[in-house]
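Presented below is the structure to which this report refers.
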Amino acid sequence: MDFQQFGATPLEGRMWVDGSWFEHAGSHAIEVDNPASEALLGQVPAGDAAAVDAAVAAANKAQPDWARRPANERGKLLTRWAEEIDRHLEPFARLIALEQGKPLSQARGEVGACSEFLRYSAQWARRIEGDILPSDNRHEEIQIRSLPLGVVAGLTAWNYPAALATRKAGPALVAGNTFILLGHEITPFAGLYLAALSERAGFPPGVFNVVTGQGPVVGQALVEHPDTDLITMTGSTRAGRQIFRSAAEELKIVRLELGGKAPFIVMEDADVDAAVKAAVTARYTNCGQICTCSERIYLHRQIADEFIDKFIAASRALSIGNPLDDPDMGPKVSRGERDKVAAMVQRGIAQGDRVLLEGGPLDSGDYAKGYWIAPTIVETRDNRSPLIDDEVFGPVVPIQRVDDFEQALAFANDTSYGLSAYVFTRDLKRLMRLPSELRFGEIYFNRANGEQVHAYHSGWGHSGVGGEDGKYGFSAYFKKQTMYVNWGD
């Protein structure tokens, strides 16, 4: 597959299975378009259960030898993979911008995150731990080991198609598992580019595999396959529920990072300018297509007018355009996603939300082709507005005024989601209340979003099961074995 000419001629994608480009007989093609122009970027095979069988067989065959390698050797291969990613930063970023629609500087940031995830994971090679415990019996000890699970299937979303893949593959591979990636059918080329760079890094056949196709077909087959041992998925809550159901039959281990509905609380003592700046970043980065994005803003009445005026001005000032020109915002990833967001705004307006900044779909002039949408800001008095209740995943901001901190907490917690939350205040007593009173797995205090690799990223409630990153994320890629060693009298 020739990645050198992408953007000039359509890419012809193939799956990466057992160390070679795999052309599955009989599969039809899935076309991938450029969301900024609607031009054909390329096509990939629509895999099926037989393609999954081939990938799982390759991963299953490779796993025992991969696990027997010293962990430090596995880590060195990940480091070489990271070096290849760094060497190809510009073409990789350009591919992501063309395929997914994020501005070029943000695409570069995603590529940088890929190598950072891999380098951080490689550092765990010398930190795989077990325990030796004293026994209650004479001449005996108890040994507890961390062992790889086997074959890990990673299903990733379209908003960060490369970073999400390495976030999962890095720790899985260092732990001694083999890996099968299914990227979303809207953005499959990022995963295939990672496969090409893994080949350059020298990974043995079958250790890292990439299949393409639709989630309900290929993803379902990976989840239900008897020889996949862990399913790790980032995506919608709807898809997460289906995976949970499908995995139950084989009692699969499942890790799900799902949707969010992050509240953004700004109290009367906050630094309003800092809060506005963070709110712009936390809502509009990647066109609002981040699970930790600010999805609803709660403003104390004393500072509400000041915040709203400054936030509207900052939102109006954002540039929207061709991702390769590096604007503030690119397009939504697809027509269906853009239209879904626009329809949600109309439902909110129909239920009484007041438009403060109209924004909405752009479809004329420079925006005649592509899936463009401008920032939209509404004010609501109803915490049951569709824009407050449902994940928008786009550049739409519902704002609600609150009387005090207690009301802000109550409104923030009134959701089935529990991924991330934001709080701006100078009151340290309020800070100390947050861990026990704000029911979210990730809290940003006086700052915008952006996780770090050595922390822990996890959602509560309908936002997921399990988590990723840091030592707690790494531990999820192991199973524990206990051995009682008795050497007699």
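Chain labels A, B, ... are given in the sequence in which chains occur in the structure tokens; within each chain residues are numbered consecutively from 1, and ligands are likewise numbered from 1 in the order shown.
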**Q.** Backbone DSSP call of helix (DSSP H, G or I) for region 255-455 of chain A, listed as a VMD selection string
**A.** chain A and resid 272 to 288 301 to 316 323 to 325 335 to 350 365 to 367 386 to 389 405 to 413 428 to 437
Please produce a file of the residues just selected, as a PDB file, in the first residue's frame, where the atoms kept are C-alpha atoms.
```
ATOM      1  CA  VAL A 272     -13.283  34.543  34.415  1.00  0.00           C
ATOM      2  CA  ASP A 273     -10.716  35.166  31.670  1.00  0.00           C
ATOM      3  CA  ALA A 274      -8.911  31.918  32.488  1.00  0.00           C
ATOM      4  CA  ALA A 275     -12.232  30.074  32.581  1.00  0.00           C
ATOM      5  CA  VAL A 276     -13.271  31.455  29.178  1.00  0.00           C
ATOM      6  CA  LYS A 277      -9.948  30.478  27.628  1.00  0.00           C
ATOM      7  CA  ALA A 278     -10.232  26.954  29.053  1.00  0.00           C
ATOM      8  CA  ALA A 279     -13.861  26.663  27.948  1.00  0.00           C
ATOM      9  CA  VAL A 280     -12.911  27.490  24.350  1.00  0.00           C
ATOM     10  CA  THR A 281     -10.227  24.787  24.393  1.00  0.00           C
ATOM     11  CA  ALA A 282     -12.422  22.265  26.197  1.00  0.00           C
ATOM     12  CA  ARG A 283     -15.355  22.683  23.818  1.00  0.00           C
ATOM     13  CA  TYR A 284     -13.955  23.421  20.362  1.00  0.00           C
ATOM     14  CA  THR A 285     -10.764  21.334  20.109  1.00  0.00           C
ATOM     15  CA  ASN A 286     -11.231  18.749  17.337  1.00  0.00           C
ATOM     16  CA  CYS A 287     -14.577  20.394  16.547  1.00  0.00           C
ATOM     17  CA  GLY A 288     -15.870  19.313  19.957  1.00  0.00           C
ATOM     18  CA  ARG A 301     -25.244  34.358  38.381  1.00  0.00           C
ATOM     19  CA  GLN A 302     -22.760  36.965  39.589  1.00  0.00           C
ATOM     20  CA  ILE A 303     -20.316  36.322  36.728  1.00  0.00           C
ATOM     21  CA  ALA A 304     -22.674  34.817  34.131  1.00  0.00           C
ATOM     22  CA  ASP A 305     -23.093  37.906  31.934  1.00  0.00           C
ATOM     23  CA  GLU A 306     -19.361  38.659  31.898  1.00  0.00           C
ATOM     24  CA  PHE A 307     -18.480  35.060  31.035  1.00  0.00           C
ATOM     25  CA  ILE A 308     -21.146  34.793  28.315  1.00  0.00           C
ATOM     26  CA  ASP A 309     -20.085  38.023  26.596  1.00  0.00           C
ATOM     27  CA  LYS A 310     -16.423  37.010  26.545  1.00  0.00           C
ATOM     28  CA  PHE A 311     -17.173  33.423  25.549  1.00  0.00           C
ATOM     29  CA  ILE A 312     -19.378  34.470  22.627  1.00  0.00           C
ATOM     30  CA  ALA A 313     -16.679  36.867  21.406  1.00  0.00           C
ATOM     31  CA  ALA A 314     -14.016  34.155  21.610  1.00  0.00           C
ATOM     32  CA  SER A 315     -16.279  31.652  19.835  1.00  0.00           C
ATOM     33  CA  ARG A 316     -17.023  34.094  17.008  1.00  0.00           C
ATOM     34  CA  PRO A 323      -7.536  21.300   8.098  1.00  0.00           C
ATOM     35  CA  LEU A 324      -4.317  21.456   6.067  1.00  0.00           C
ATOM     36  CA  ASP A 325      -4.366  25.266   6.444  1.00  0.00           C
ATOM     37  CA  ARG A 335     -22.416  14.367   7.140  1.00  0.00           C
ATOM     38  CA  GLY A 336     -24.375  12.143   9.495  1.00  0.00           C
ATOM     39  CA  GLU A 337     -22.491  13.471  12.509  1.00  0.00           C
ATOM     40  CA  ARG A 338     -23.000  17.089  11.440  1.00  0.00           C
ATOM     41  CA  ASP A 339     -26.710  16.595  10.820  1.00  0.00           C
ATOM     42  CA  LYS A 340     -27.123  14.804  14.160  1.00  0.00           C
ATOM     43  CA  VAL A 341     -25.677  17.801  16.013  1.00  0.00           C
ATOM     44  CA  ALA A 342     -27.819  20.284  14.080  1.00  0.00           C
ATOM     45  CA  ALA A 343     -30.949  18.250  14.851  1.00  0.00           C
ATOM     46  CA  MET A 344     -30.101  18.208  18.564  1.00  0.00           C
ATOM     47  CA  VAL A 345     -29.882  22.017  18.574  1.00  0.00           C
ATOM     48  CA  GLN A 346     -33.299  22.265  16.951  1.00  0.00           C
ATOM     49  CA  ARG A 347     -34.801  19.938  19.565  1.00  0.00           C
ATOM     50  CA  GLY A 348     -33.346  22.099  22.330  1.00  0.00           C
ATOM     51  CA  ILE A 349     -34.749  25.269  20.767  1.00  0.00           C
ATOM     52  CA  ALA A 350     -38.145  23.599  20.397  1.00  0.00           C
ATOM     53  CA  GLY A 365     -19.268  29.472  -0.603  1.00  0.00           C
ATOM     54  CA  ASP A 366     -16.051  27.946   0.717  1.00  0.00           C
ATOM     55  CA  TYR A 367     -18.200  25.493   2.681  1.00  0.00           C
ATOM     56  CA  PRO A 386     -31.692  17.573  25.115  1.00  0.00           C
ATOM     57  CA  LEU A 387     -28.468  19.588  24.903  1.00  0.00           C
ATOM     58  CA  ILE A 388     -27.933  19.104  28.646  1.00  0.00           C
ATOM     59  CA  ASP A 389     -29.025  15.460  28.756  1.00  0.00           C
ATOM     60  CA  PHE A 405     -22.109  25.807  44.461  1.00  0.00           C
ATOM     61  CA  GLU A 406     -24.654  23.322  45.802  1.00  0.00           C
ATOM     62  CA  GLN A 407     -26.958  23.858  42.846  1.00  0.00           C
ATOM     63  CA  ALA A 408     -24.030  23.578  40.435  1.00  0.00           C
ATOM     64  CA  LEU A 409     -23.027  20.225  41.939  1.00  0.00           C
ATOM     65  CA  ALA A 410     -26.602  18.968  41.869  1.00  0.00           C
ATOM     66  CA  PHE A 411     -27.043  19.912  38.197  1.00  0.00           C
ATOM     67  CA  ALA A 412     -23.632  18.479  37.282  1.00  0.00           C
ATOM     68  CA  ASN A 413     -24.367  15.135  38.941  1.00  0.00           C
ATOM     69  CA  LEU A 428     -10.066  25.574  48.527  1.00  0.00           C
ATOM     70  CA  LYS A 429     -12.936  24.309  50.682  1.00  0.00           C
ATOM     71  CA  ARG A 430     -14.882  23.698  47.493  1.00  0.00           C
ATOM     72  CA  LEU A 431     -11.837  21.951  46.031  1.00  0.00           C
ATOM     73  CA  MET A 432     -11.700  19.570  48.994  1.00  0.00           C
ATOM     74  CA  ARG A 433     -15.371  18.694  48.552  1.00  0.00           C
ATOM     75  CA  LEU A 434     -15.037  17.625  44.933  1.00  0.00           C
ATOM     76  CA  PRO A 435     -13.649  14.069  45.332  1.00  0.00           C
ATOM     77  CA  SER A 436     -16.624  12.983  47.419  1.00  0.00           C
ATOM     78  CA  GLU A 437     -19.355  15.184  45.927  1.00  0.00           C
TER      79      GLU A 437
END
```
(Q) I'd like the neighbourhood of region 457-469 of chain A as an MDAnalysis selection string, where a residue qualifies if any of its atoms comes within 9 Å (using only C-alpha atoms), though same-chain residues fewer than 3 positions away should be ignored. (A) chainID A and resid 117 121 167:168 171 234 236:237 240 254:261 416:420 439:442 451:454 472:474 476
Q. Between A:Val396, A:Val217, A:Leu147, A:Ala262, which is the closest to Ser475 (chain A) once you count only C-alpha atoms?
A. A:Leu147
Q | Residue among A:Val210, A:Leu362, A:Ala36, A:Ile132 lying closest to Lys102 (chain A), counting only C-alpha atoms | A |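 With only C-alpha atoms as the atom set, the closest residue is A:Ala36.
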Q. Mind pulling up the distance from CA of Phe22 (chain A) to CA of His184 (chain A)?
A. 18.1 Å
Using only C-alpha atoms, I'd like a table of the residues in region 200-257 of chain A that come within 12 Å of region 84-87 of chain A; for each, show the closest atom pair and its distance in Å rounded to one decimal, ordered by chain and ascending number, as a Markdown table.
```
| residue | atom | partner | partner_atom | distance |
| --- | --- | --- | --- | --- |
| A:Arg200 | CA | A:Glu84 | CA | 7.2 |
| A:Ala201 | CA | A:Glu84 | CA | 6.7 |
| A:Gly202 | CA | A:Glu84 | CA | 10.5 |
```
Output N, CA and C atoms for every residue in the selection just made, as a PDB file, in the first residue's frame.
```pdb
ATOM      1  N   ARG A 200       8.226  -1.509   9.820  1.00  0.00           N
ATOM      2  CA  ARG A 200       9.545  -0.879   9.789  1.00  0.00           C
ATOM      3  C   ARG A 200      10.282  -1.060  11.111  1.00  0.00           C
ATOM      4  N   ALA A 201       9.532  -1.077  12.215  1.00  0.00           N
ATOM      5  CA  ALA A 201      10.150  -1.230  13.531  1.00  0.00           C
ATOM      6  C   ALA A 201      10.638  -2.648  13.782  1.00  0.00           C
ATOM      7  N   GLY A 202      10.135  -3.619  13.022  1.00  0.00           N
ATOM      8  CA  GLY A 202      10.619  -4.988  13.143  1.00  0.00           C
ATOM      9  C   GLY A 202       9.792  -5.904  14.014  1.00  0.00           C
TER      10      GLY A 202
END
```
